[in-house]
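J.: The file below is protein-v7.cif, mmCIF, N, CA and C atoms:
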data_data
#
loop_
_atom_site.group_PDB
_atom_site.id
_atom_site.type_symbol
_atom_site.label_atom_id
_atom_site.label_comp_id
_atom_site.auth_asym_id
_atom_site.auth_seq_id
_atom_site.Cartn_x
_atom_site.Cartn_y
_atom_site.Cartn_z
ATOM 1 N N MET A 1 19.988 9.236 19.437
ATOM 2 C CA MET A 1 19.420 9.399 18.114
ATOM 3 C C MET A 1 18.832 8.073 17.617
ATOM 4 N N LEU A 2 19.531 6.972 17.874
ATOM 5 C CA LEU A 2 19.035 5.664 17.464
ATOM 6 C C LEU A 2 17.699 5.372 18.134
ATOM 7 N N ARG A 3 17.614 5.686 19.426
ATOM 8 C CA ARG A 3 16.356 5.476 20.148
ATOM 9 C C ARG A 3 15.220 6.268 19.513
ATOM 10 N N GLY A 4 15.549 7.475 19.085
ATOM 11 C CA GLY A 4 14.542 8.318 18.432
ATOM 12 C C GLY A 4 14.030 7.692 17.143
ATOM 13 N N PHE A 5 14.937 7.164 16.330
ATOM 14 C CA PHE A 5 14.528 6.506 15.091
ATOM 15 C C PHE A 5 13.699 5.258 15.388
ATOM 16 N N ARG A 6 14.109 4.490 16.398
ATOM 17 C CA ARG A 6 13.343 3.287 16.758
ATOM 18 C C ARG A 6 11.949 3.645 17.262
ATOM 19 N N ARG A 7 11.865 4.712 18.040
ATOM 20 C CA ARG A 7 10.566 5.165 18.530
ATOM 21 C C ARG A 7 9.688 5.598 17.362
ATOM 22 N N GLN A 8 10.278 6.341 16.418
ATOM 23 C CA GLN A 8 9.536 6.759 15.231
ATOM 24 C C GLN A 8 9.075 5.549 14.421
ATOM 25 N N LEU A 9 9.949 4.563 14.329
ATOM 26 C CA LEU A 9 9.626 3.336 13.599
ATOM 27 C C LEU A 9 8.381 2.688 14.206
ATOM 28 N N GLU A 10 8.347 2.541 15.516
ATOM 29 C CA GLU A 10 7.205 1.928 16.184
ATOM 30 C C GLU A 10 5.953 2.795 16.066
ATOM 31 N N GLU A 11 6.122 4.114 16.178
ATOM 32 C CA GLU A 11 4.975 5.014 16.047
ATOM 33 C C GLU A 11 4.357 4.894 14.662
ATOM 34 N N HIS A 12 5.190 4.859 13.638
ATOM 35 C CA HIS A 12 4.680 4.744 12.271
ATOM 36 C C HIS A 12 4.022 3.384 12.048
ATOM 37 N N ARG A 13 4.584 2.337 12.614
ATOM 38 C CA ARG A 13 3.962 1.010 12.492
ATOM 39 C C ARG A 13 2.578 0.997 13.138
ATOM 40 N N ARG A 14 2.476 1.575 14.326
ATOM 41 C CA ARG A 14 1.181 1.635 15.009
ATOM 42 C C ARG A 14 0.184 2.480 14.219
ATOM 43 N N GLU A 15 0.657 3.604 13.707
ATOM 44 C CA GLU A 15 -0.217 4.490 12.935
ATOM 45 C C GLU A 15 -0.744 3.784 11.681
ATOM 46 N N ILE A 16 0.136 3.071 10.988
ATOM 47 C CA ILE A 16 -0.273 2.350 9.784
ATOM 48 C C ILE A 16 -1.283 1.267 10.130
ATOM 49 N N ALA A 17 -1.050 0.543 11.209
ATOM 50 C CA ALA A 17 -1.986 -0.505 11.631
ATOM 51 C C ALA A 17 -3.353 0.100 11.965
ATOM 52 N N GLU A 18 -3.349 1.235 12.653
ATOM 53 C CA GLU A 18 -4.599 1.897 13.013
ATOM 54 C C GLU A 18 -5.338 2.380 11.759
ATOM 55 N N LEU A 19 -4.595 2.956 10.826
ATOM 56 C CA LEU A 19 -5.207 3.419 9.584
ATOM 57 C C LEU A 19 -5.758 2.245 8.772
ATOM 58 N N ASP A 20 -5.043 1.134 8.774
ATOM 59 C CA ASP A 20 -5.529 -0.062 8.067
ATOM 60 C C ASP A 20 -6.828 -0.574 8.687
ATOM 61 N N ARG A 21 -6.893 -0.583 10.024
ATOM 62 C CA ARG A 21 -8.122 -1.021 10.701
ATOM 63 C C ARG A 21 -9.285 -0.083 10.359
ATOM 64 N N LEU A 22 -9.023 1.213 10.382
ATOM 65 C CA LEU A 22 -10.056 2.191 10.065
ATOM 66 C C LEU A 22 -10.532 2.023 8.621
ATOM 67 N N SER A 23 -9.593 1.813 7.725
ATOM 68 C CA SER A 23 -9.935 1.608 6.320
ATOM 69 C C SER A 23 -10.813 0.368 6.148
ATOM 70 N N THR A 24 -10.470 -0.696 6.828
ATOM 71 C CA THR A 24 -11.263 -1.929 6.763
ATOM 72 C C THR A 24 -12.679 -1.685 7.271
ATOM 73 N N THR A 25 -12.803 -0.988 8.386
ATOM 74 C CA THR A 25 -14.117 -0.680 8.951
ATOM 75 C C THR A 25 -14.946 0.144 7.978
ATOM 76 N N LEU A 26 -14.321 1.153 7.368
ATOM 77 C CA LEU A 26 -15.049 1.997 6.418
ATOM 78 C C LEU A 26 -15.470 1.215 5.181
ATOM 79 N N ARG A 27 -14.615 0.321 4.715
ATOM 80 C CA ARG A 27 -14.981 -0.505 3.550
ATOM 81 C C ARG A 27 -16.156 -1.432 3.884
ATOM 82 N N GLU A 28 -16.180 -1.941 5.110
ATOM 83 C CA GLU A 28 -17.306 -2.768 5.540
ATOM 84 C C GLU A 28 -18.586 -1.944 5.581
ATOM 85 N N GLN A 29 -18.489 -0.713 6.089
ATOM 86 C CA GLN A 29 -19.652 0.168 6.124
ATOM 87 C C GLN A 29 -20.118 0.511 4.702
ATOM 88 N N GLN A 30 -19.156 0.713 3.831
ATOM 89 C CA GLN A 30 -19.464 1.018 2.436
ATOM 90 C C GLN A 30 -20.224 -0.150 1.790
ATOM 91 N N ALA A 31 -19.776 -1.361 2.030
ATOM 92 C CA ALA A 31 -20.441 -2.544 1.483
ATOM 93 C C ALA A 31 -21.859 -2.673 2.059
ATOM 94 N N LYS A 32 -21.994 -2.378 3.332
ATOM 95 C CA LYS A 32 -23.315 -2.441 3.973
ATOM 96 C C LYS A 32 -24.257 -1.418 3.344
ATOM 97 N N ILE A 33 -23.762 -0.213 3.125
ATOM 98 C CA ILE A 33 -24.585 0.826 2.490
ATOM 99 C C ILE A 33 -24.974 0.399 1.079
ATOM 100 N N ASP A 34 -24.037 -0.199 0.356
ATOM 101 C CA ASP A 34 -24.344 -0.675 -0.997
ATOM 102 C C ASP A 34 -25.493 -1.677 -0.963
ATOM 103 N N ARG A 35 -25.426 -2.618 -0.030
ATOM 104 C CA ARG A 35 -26.497 -3.619 0.091
ATOM 105 C C ARG A 35 -27.819 -2.948 0.461
ATOM 106 N N GLU A 36 -27.765 -2.047 1.447
ATOM 107 C CA GLU A 36 -28.983 -1.356 1.882
ATOM 108 C C GLU A 36 -29.578 -0.523 0.748
ATOM 109 N N GLN A 37 -28.697 0.106 -0.028
ATOM 110 C CA GLN A 37 -29.160 0.942 -1.127
ATOM 111 C C GLN A 37 -29.861 0.085 -2.191
ATOM 112 N N LYS A 38 -29.303 -1.070 -2.516
ATOM 113 C CA LYS A 38 -29.923 -1.972 -3.497
ATOM 114 C C LYS A 38 -31.263 -2.485 -2.973
ATOM 115 N N ASP A 39 -31.287 -2.863 -1.693
ATOM 116 C CA ASP A 39 -32.529 -3.353 -1.093
ATOM 117 C C ASP A 39 -33.595 -2.256 -1.078
ATOM 118 N N ALA A 40 -33.181 -1.037 -0.744
ATOM 119 C CA ALA A 40 -34.123 0.081 -0.692
ATOM 120 C C ALA A 40 -34.674 0.390 -2.079
ATOM 121 N N ALA A 41 -33.797 0.360 -3.077
ATOM 122 C CA ALA A 41 -34.248 0.627 -4.446
ATOM 123 C C ALA A 41 -35.218 -0.464 -4.902
ATOM 124 N N ALA A 42 -34.918 -1.716 -4.575
ATOM 125 C CA ALA A 42 -35.786 -2.829 -4.963
ATOM 126 C C ALA A 42 -37.136 -2.754 -4.249
ATOM 127 N N ALA A 43 -37.126 -2.214 -3.023
ATOM 128 C CA ALA A 43 -38.359 -2.111 -2.244
ATOM 129 C C ALA A 43 -39.148 -0.854 -2.587
ATOM 130 N N GLY A 44 -38.610 -0.045 -3.486
ATOM 131 C CA GLY A 44 -39.319 1.173 -3.895
ATOM 132 C C GLY A 44 -39.199 2.310 -2.897
ATOM 133 N N ALA A 45 -38.073 2.399 -2.226
ATOM 134 C CA ALA A 45 -37.858 3.468 -1.245
ATOM 135 C C ALA A 45 -37.842 4.822 -1.951
ATOM 136 N N SER A 46 -38.075 5.848 -1.166
ATOM 137 C CA SER A 46 -38.119 7.199 -1.734
ATOM 138 C C SER A 46 -36.748 7.609 -2.264
ATOM 139 N N ASP A 47 -36.775 8.510 -3.218
ATOM 140 C CA ASP A 47 -35.523 9.020 -3.780
ATOM 141 C C ASP A 47 -34.682 9.721 -2.711
ATOM 142 N N ALA A 48 -35.349 10.384 -1.766
ATOM 143 C CA ALA A 48 -34.627 11.081 -0.698
ATOM 144 C C ALA A 48 -33.853 10.080 0.171
ATOM 145 N N ASN A 49 -34.472 8.946 0.450
ATOM 146 C CA ASN A 49 -33.814 7.916 1.263
ATOM 147 C C ASN A 49 -32.603 7.352 0.515
ATOM 148 N N ILE A 50 -32.782 7.055 -0.746
ATOM 149 C CA ILE A 50 -31.687 6.517 -1.550
ATOM 150 C C ILE A 50 -30.579 7.559 -1.701
ATOM 151 N N ALA A 51 -30.955 8.823 -1.871
ATOM 152 C CA ALA A 51 -29.970 9.901 -1.990
ATOM 153 C C ALA A 51 -29.174 10.060 -0.695
ATOM 154 N N ALA A 52 -29.839 9.895 0.445
ATOM 155 C CA ALA A 52 -29.152 9.998 1.741
ATOM 156 C C ALA A 52 -28.107 8.886 1.869
ATOM 157 N N MET A 53 -28.457 7.696 1.405
ATOM 158 C CA MET A 53 -27.496 6.589 1.438
ATOM 159 C C MET A 53 -26.321 6.864 0.506
ATOM 160 N N ALA A 54 -26.614 7.411 -0.654
ATOM 161 C CA ALA A 54 -25.547 7.743 -1.602
ATOM 162 C C ALA A 54 -24.622 8.803 -1.019
ATOM 163 N N GLU A 55 -25.200 9.744 -0.277
ATOM 164 C CA GLU A 55 -24.387 10.782 0.362
ATOM 165 C C GLU A 55 -23.488 10.182 1.443
ATOM 166 N N ARG A 56 -24.044 9.266 2.235
ATOM 167 C CA ARG A 56 -23.230 8.583 3.256
ATOM 168 C C ARG A 56 -22.081 7.822 2.606
ATOM 169 N N ARG A 57 -22.380 7.150 1.511
ATOM 170 C CA ARG A 57 -21.347 6.392 0.793
ATOM 171 C C ARG A 57 -20.264 7.329 0.251
ATOM 172 N N ALA A 58 -20.670 8.479 -0.264
ATOM 173 C CA ALA A 58 -19.708 9.452 -0.793
ATOM 174 C C ALA A 58 -18.796 9.976 0.319
ATOM 175 N N ARG A 59 -19.369 10.196 1.515
ATOM 176 C CA ARG A 59 -18.544 10.648 2.649
ATOM 177 C C ARG A 59 -17.528 9.574 3.029
ATOM 178 N N ILE A 60 -17.954 8.321 2.974
ATOM 179 C CA ILE A 60 -17.033 7.224 3.282
ATOM 180 C C ILE A 60 -15.926 7.171 2.238
ATOM 181 N N GLU A 61 -16.275 7.343 0.979
ATOM 182 C CA GLU A 61 -15.253 7.352 -0.081
ATOM 183 C C GLU A 61 -14.241 8.465 0.149
ATOM 184 N N GLN A 62 -14.722 9.644 0.555
ATOM 185 C CA GLN A 62 -13.821 10.764 0.846
ATOM 186 C C GLN A 62 -12.904 10.416 2.019
ATOM 187 N N SER A 63 -13.475 9.817 3.049
ATOM 188 C CA SER A 63 -12.675 9.415 4.208
ATOM 189 C C SER A 63 -11.618 8.390 3.804
ATOM 190 N N LEU A 64 -11.994 7.440 2.953
ATOM 191 C CA LEU A 64 -11.032 6.438 2.484
ATOM 192 C C LEU A 64 -9.899 7.086 1.701
ATOM 193 N N ALA A 65 -10.223 8.080 0.897
ATOM 194 C CA ALA A 65 -9.184 8.785 0.136
ATOM 195 C C ALA A 65 -8.228 9.509 1.096
ATOM 196 N N GLU A 66 -8.776 10.130 2.126
ATOM 197 C CA GLU A 66 -7.942 10.821 3.113
ATOM 198 C C GLU A 66 -7.062 9.829 3.868
ATOM 199 N N ILE A 67 -7.625 8.687 4.212
ATOM 200 C CA ILE A 67 -6.858 7.657 4.911
ATOM 201 C C ILE A 67 -5.723 7.153 4.026
ATOM 202 N N GLU A 68 -5.978 7.029 2.734
ATOM 203 C CA GLU A 68 -4.934 6.582 1.795
ATOM 204 C C GLU A 68 -3.760 7.557 1.795
ATOM 205 N N VAL A 69 -4.045 8.846 1.805
ATOM 206 C CA VAL A 69 -2.984 9.860 1.850
ATOM 207 C C VAL A 69 -2.215 9.755 3.170
ATOM 208 N N GLN A 70 -2.940 9.622 4.272
ATOM 209 C CA GLN A 70 -2.296 9.506 5.581
ATOM 210 C C GLN A 70 -1.442 8.243 5.654
ATOM 211 N N THR A 71 -1.932 7.156 5.077
ATOM 212 C CA THR A 71 -1.176 5.903 5.087
ATOM 213 C C THR A 71 0.091 6.043 4.269
ATOM 214 N N ARG A 72 -0.010 6.679 3.108
ATOM 215 C CA ARG A 72 1.172 6.897 2.268
ATOM 216 C C ARG A 72 2.218 7.728 3.021
ATOM 217 N N THR A 73 1.767 8.763 3.705
ATOM 218 C CA THR A 73 2.677 9.615 4.482
ATOM 219 C C THR A 73 3.317 8.817 5.616
ATOM 220 N N ALA A 74 2.521 8.010 6.301
ATOM 221 C CA ALA A 74 3.046 7.201 7.405
ATOM 222 C C ALA A 74 4.050 6.170 6.889
ATOM 223 N N ARG A 75 3.778 5.593 5.722
ATOM 224 C CA ARG A 75 4.720 4.617 5.151
ATOM 225 C C ARG A 75 6.042 5.291 4.760
ATOM 226 N N GLN A 76 5.973 6.513 4.278
ATOM 227 C CA GLN A 76 7.205 7.246 3.974
ATOM 228 C C GLN A 76 7.993 7.507 5.250
ATOM 229 N N GLY A 77 7.289 7.903 6.304
ATOM 230 C CA GLY A 77 7.944 8.116 7.591
ATOM 231 C C GLY A 77 8.541 6.831 8.131
ATOM 232 N N LEU A 78 7.832 5.722 7.965
ATOM 233 C CA LEU A 78 8.333 4.418 8.387
ATOM 234 C C LEU A 78 9.615 4.073 7.646
ATOM 235 N N SER A 79 9.612 4.316 6.360
ATOM 236 C CA SER A 79 10.799 4.026 5.547
ATOM 237 C C SER A 79 11.989 4.872 6.004
ATOM 238 N N GLU A 80 11.754 6.148 6.224
ATOM 239 C CA GLU A 80 12.828 7.036 6.673
ATOM 240 C C GLU A 80 13.367 6.600 8.037
ATOM 241 N N ALA A 81 12.473 6.248 8.942
ATOM 242 C CA ALA A 81 12.904 5.802 10.270
ATOM 243 C C ALA A 81 13.668 4.489 10.170
ATOM 244 N N TYR A 82 13.208 3.585 9.320
ATOM 245 C CA TYR A 82 13.895 2.306 9.142
ATOM 246 C C TYR A 82 15.320 2.535 8.637
ATOM 247 N N TYR A 83 15.461 3.369 7.629
ATOM 248 C CA TYR A 83 16.805 3.613 7.096
ATOM 249 C C TYR A 83 17.674 4.373 8.087
ATOM 250 N N GLY A 84 17.049 5.184 8.929
ATOM 251 C CA GLY A 84 17.805 5.837 9.997
ATOM 252 C C GLY A 84 18.350 4.819 10.975
ATOM 253 N N VAL A 85 17.529 3.870 11.371
ATOM 254 C CA VAL A 85 17.970 2.799 12.280
ATOM 255 C C VAL A 85 19.086 1.997 11.620
ATOM 256 N N ARG A 86 18.878 1.613 10.367
ATOM 257 C CA ARG A 86 19.885 0.809 9.655
ATOM 258 C C ARG A 86 21.225 1.546 9.560
ATOM 259 N N ARG A 87 21.195 2.840 9.276
ATOM 260 C CA ARG A 87 22.453 3.612 9.197
ATOM 261 C C ARG A 87 23.203 3.536 10.521
ATOM 262 N N PHE A 88 22.492 3.746 11.620
ATOM 263 C CA PHE A 88 23.135 3.695 12.928
ATOM 264 C C PHE A 88 23.652 2.299 13.237
ATOM 265 N N GLU A 89 22.911 1.270 12.869
ATOM 266 C CA GLU A 89 23.371 -0.099 13.115
ATOM 267 C C GLU A 89 24.631 -0.409 12.301
ATOM 268 N N ILE A 90 24.656 0.052 11.064
ATOM 269 C CA ILE A 90 25.832 -0.185 10.215
ATOM 270 C C ILE A 90 27.037 0.554 10.770
ATOM 271 N N VAL A 91 26.852 1.810 11.156
ATOM 272 C CA VAL A 91 27.954 2.587 11.725
ATOM 273 C C VAL A 91 28.457 1.926 12.995
ATOM 274 N N ALA A 92 27.545 1.464 13.838
ATOM 275 C CA ALA A 92 27.938 0.802 15.086
ATOM 276 C C ALA A 92 28.711 -0.485 14.795
ATOM 277 N N ALA A 93 28.281 -1.239 13.802
ATOM 278 C CA ALA A 93 28.973 -2.485 13.449
ATOM 279 C C ALA A 93 30.372 -2.197 12.915
ATOM 280 N N VAL A 94 30.492 -1.170 12.096
ATOM 281 C CA VAL A 94 31.808 -0.800 11.542
ATOM 282 C C VAL A 94 32.735 -0.359 12.674
ATOM 283 N N ARG A 95 32.219 0.459 13.578
ATOM 284 C CA ARG A 95 33.038 0.919 14.711
ATOM 285 C C ARG A 95 33.454 -0.241 15.599
ATOM 286 N N ALA A 96 32.545 -1.167 15.838
ATOM 287 C CA ALA A 96 32.877 -2.331 16.670
ATOM 288 C C ALA A 96 33.957 -3.171 15.996
ATOM 289 N N GLU A 97 33.852 -3.327 14.691
ATOM 290 C CA GLU A 97 34.858 -4.098 13.950
ATOM 291 C C GLU A 97 36.210 -3.376 13.987
ATOM 292 N N GLN A 98 36.197 -2.062 13.830
ATOM 293 C CA GLN A 98 37.451 -1.299 13.903
ATOM 294 C C GLN A 98 38.065 -1.417 15.284
ATOM 295 N N HIS A 99 37.236 -1.335 16.301
ATOM 296 C CA HIS A 99 37.730 -1.449 17.675
ATOM 297 C C HIS A 99 38.312 -2.843 17.919
ATOM 298 N N ARG A 100 37.631 -3.872 17.422
ATOM 299 C CA ARG A 100 38.110 -5.233 17.575
ATOM 300 C C ARG A 100 39.452 -5.416 16.884
ATOM 301 N N ARG A 101 39.631 -4.847 15.709
ATOM 302 C CA ARG A 101 40.883 -4.984 14.973
ATOM 303 C C ARG A 101 42.033 -4.263 15.677
ATOM 304 N N ARG A 102 41.722 -3.096 16.249
ATOM 305 C CA ARG A 102 42.766 -2.328 16.931
ATOM 306 C C ARG A 102 43.179 -2.978 18.255
ATOM 307 N N HIS A 103 42.209 -3.534 18.952
ATOM 308 C CA HIS A 103 42.460 -4.005 20.315
ATOM 309 C C HIS A 103 42.383 -5.520 20.454
ATOM 310 N N GLY A 104 42.219 -6.184 19.400
ATOM 311 C CA GLY A 104 42.039 -7.594 19.602
ATOM 312 C C GLY A 104 42.757 -8.450 18.666
#
In structure tokens, what does this structure look like?

T.:
Amino acid sequence: MLRGFRRQLEEHRREIAELDRLSTTLREQQAKIDREQKDAAAAGASDANIAAMAERRARIEQSLAEIEVQTRTARQGLSEAYYGVRRFEIVAAVRAEQHRRRHG
């Protein structure tokens, strides 16, 4: 059971790191679109072109919101796995101390 909690702990850590990397990439893309949109507007680009950029930005915002939910869920799982590991470590320490007192 302890191994299972430790495995879950590592899985959640990896998942959170991956989600953080994805979020960073999307924020960079969002900033790039913002710059392109300002440049296009200043250059007199068509409304359709500017609207397409706004749509891309909106999709990125939606993806970021979804990633935030996934990250929150992964952090909850990480917390649960961490406390599972800690419970087993505490129980093991108490048992070892009891064994030492009885036999030592």

J.: Using all atoms listed in the file, which residue out of A:Phe5, A:Gln30, A:Ala93, A:Arg100 lies closest to Glu80 in chain A?

T.: A:Phe5

J.: Just give me the gap between atom N of Thr73 in chain A and atom N of Ala58 in chain A in Å, one decimal is fine.

T.: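 Here the two named atoms are 22.8 Å from each other.
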
J.: Leaving out Glu66 in chain A and any residue of its chain fewer than 5 positions from it, which residues lie within 12 Å of it when counting only C-alpha atoms, given as a PyMOL selection string?

T.: chain A and resi 19+22-23+26+59-61+71-73

J.: Kindly give the distance, in Å, that separates CA of Ala51 in chain A and atom C of Glu36 in chain A, rounded to a single decimal.

T.: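 These two atoms are separated by 10.8 Å.
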
J.: Record the distance separating CA of Gly4 in chain A and CA of Gly84 in chain A, expressed in Å with one decimal.

T.: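 It comes out at 9.4 Å.
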
J.: Kindly indicate which residue among A:Val94, A:Ala52, A:Ala74, A:Val85 lies nearest to His12 in chain A, using only N, CA and C atoms for the distances.

T.: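 For His12 in chain A, the nearest of the candidates is A:Ala74.
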
J.: Check the smallest atom-to-atom distance from each of A:Ala48, A:Leu9, A:Leu2, A:Ala96 to Ser79 in chain A using only C-alpha atoms, then report the winner.

T.: A:Leu9

J.: Name all residues at most 8 Å from Asp34 in chain A (count all atoms listed in the file; drop same-chain ones fewer than 6 positions away) and give them as an mmCIF file with N, CA and C atoms, keeping the file's coordinate frame.

T.:
data_model
loop_
_atom_site.group_PDB
_atom_site.id
_atom_site.type_symbol
_atom_site.label_atom_id
_atom_site.label_comp_id
_atom_site.auth_asym_id
_atom_site.auth_seq_id
_atom_site.Cartn_x
_atom_site.Cartn_y
_atom_site.Cartn_z
ATOM 1 N N GLU A 28 -16.180 -1.941 5.110
ATOM 2 C CA GLU A 28 -17.306 -2.768 5.540
ATOM 3 C C GLU A 28 -18.586 -1.944 5.581
ATOM 4 N N ALA A 40 -33.181 -1.037 -0.744
ATOM 5 C CA ALA A 40 -34.123 0.081 -0.692
ATOM 6 C C ALA A 40 -34.674 0.390 -2.079
ATOM 7 N N MET A 53 -28.457 7.696 1.405
ATOM 8 C CA MET A 53 -27.496 6.589 1.438
ATOM 9 C C MET A 53 -26.321 6.864 0.506
ATOM 10 N N ARG A 57 -22.380 7.150 1.511
ATOM 11 C CA ARG A 57 -21.347 6.392 0.793
ATOM 12 C C ARG A 57 -20.264 7.329 0.251
#

J.: Nearest to Glu18 in chain A among A:Arg56, A:Asp47, A:Ile67, A:Arg86, with distances taken over only C-alpha atoms: which residue is it?

T.: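 Using only C-alpha atoms, the shortest distance to Glu18 in chain A belongs to A:Ile67.
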
J.: So for range 44-50 of chain A, what box centre and size do we get, axis-aligned, 3 Å extra on each of the six sides, every listed atom, Å to one decimal, as JSON?

T.:
{"center_x": -34.9, "center_y": 5.5, "center_z": -1.3, "size_x": 14.7, "size_y": 17.1, "size_z": 11.2}
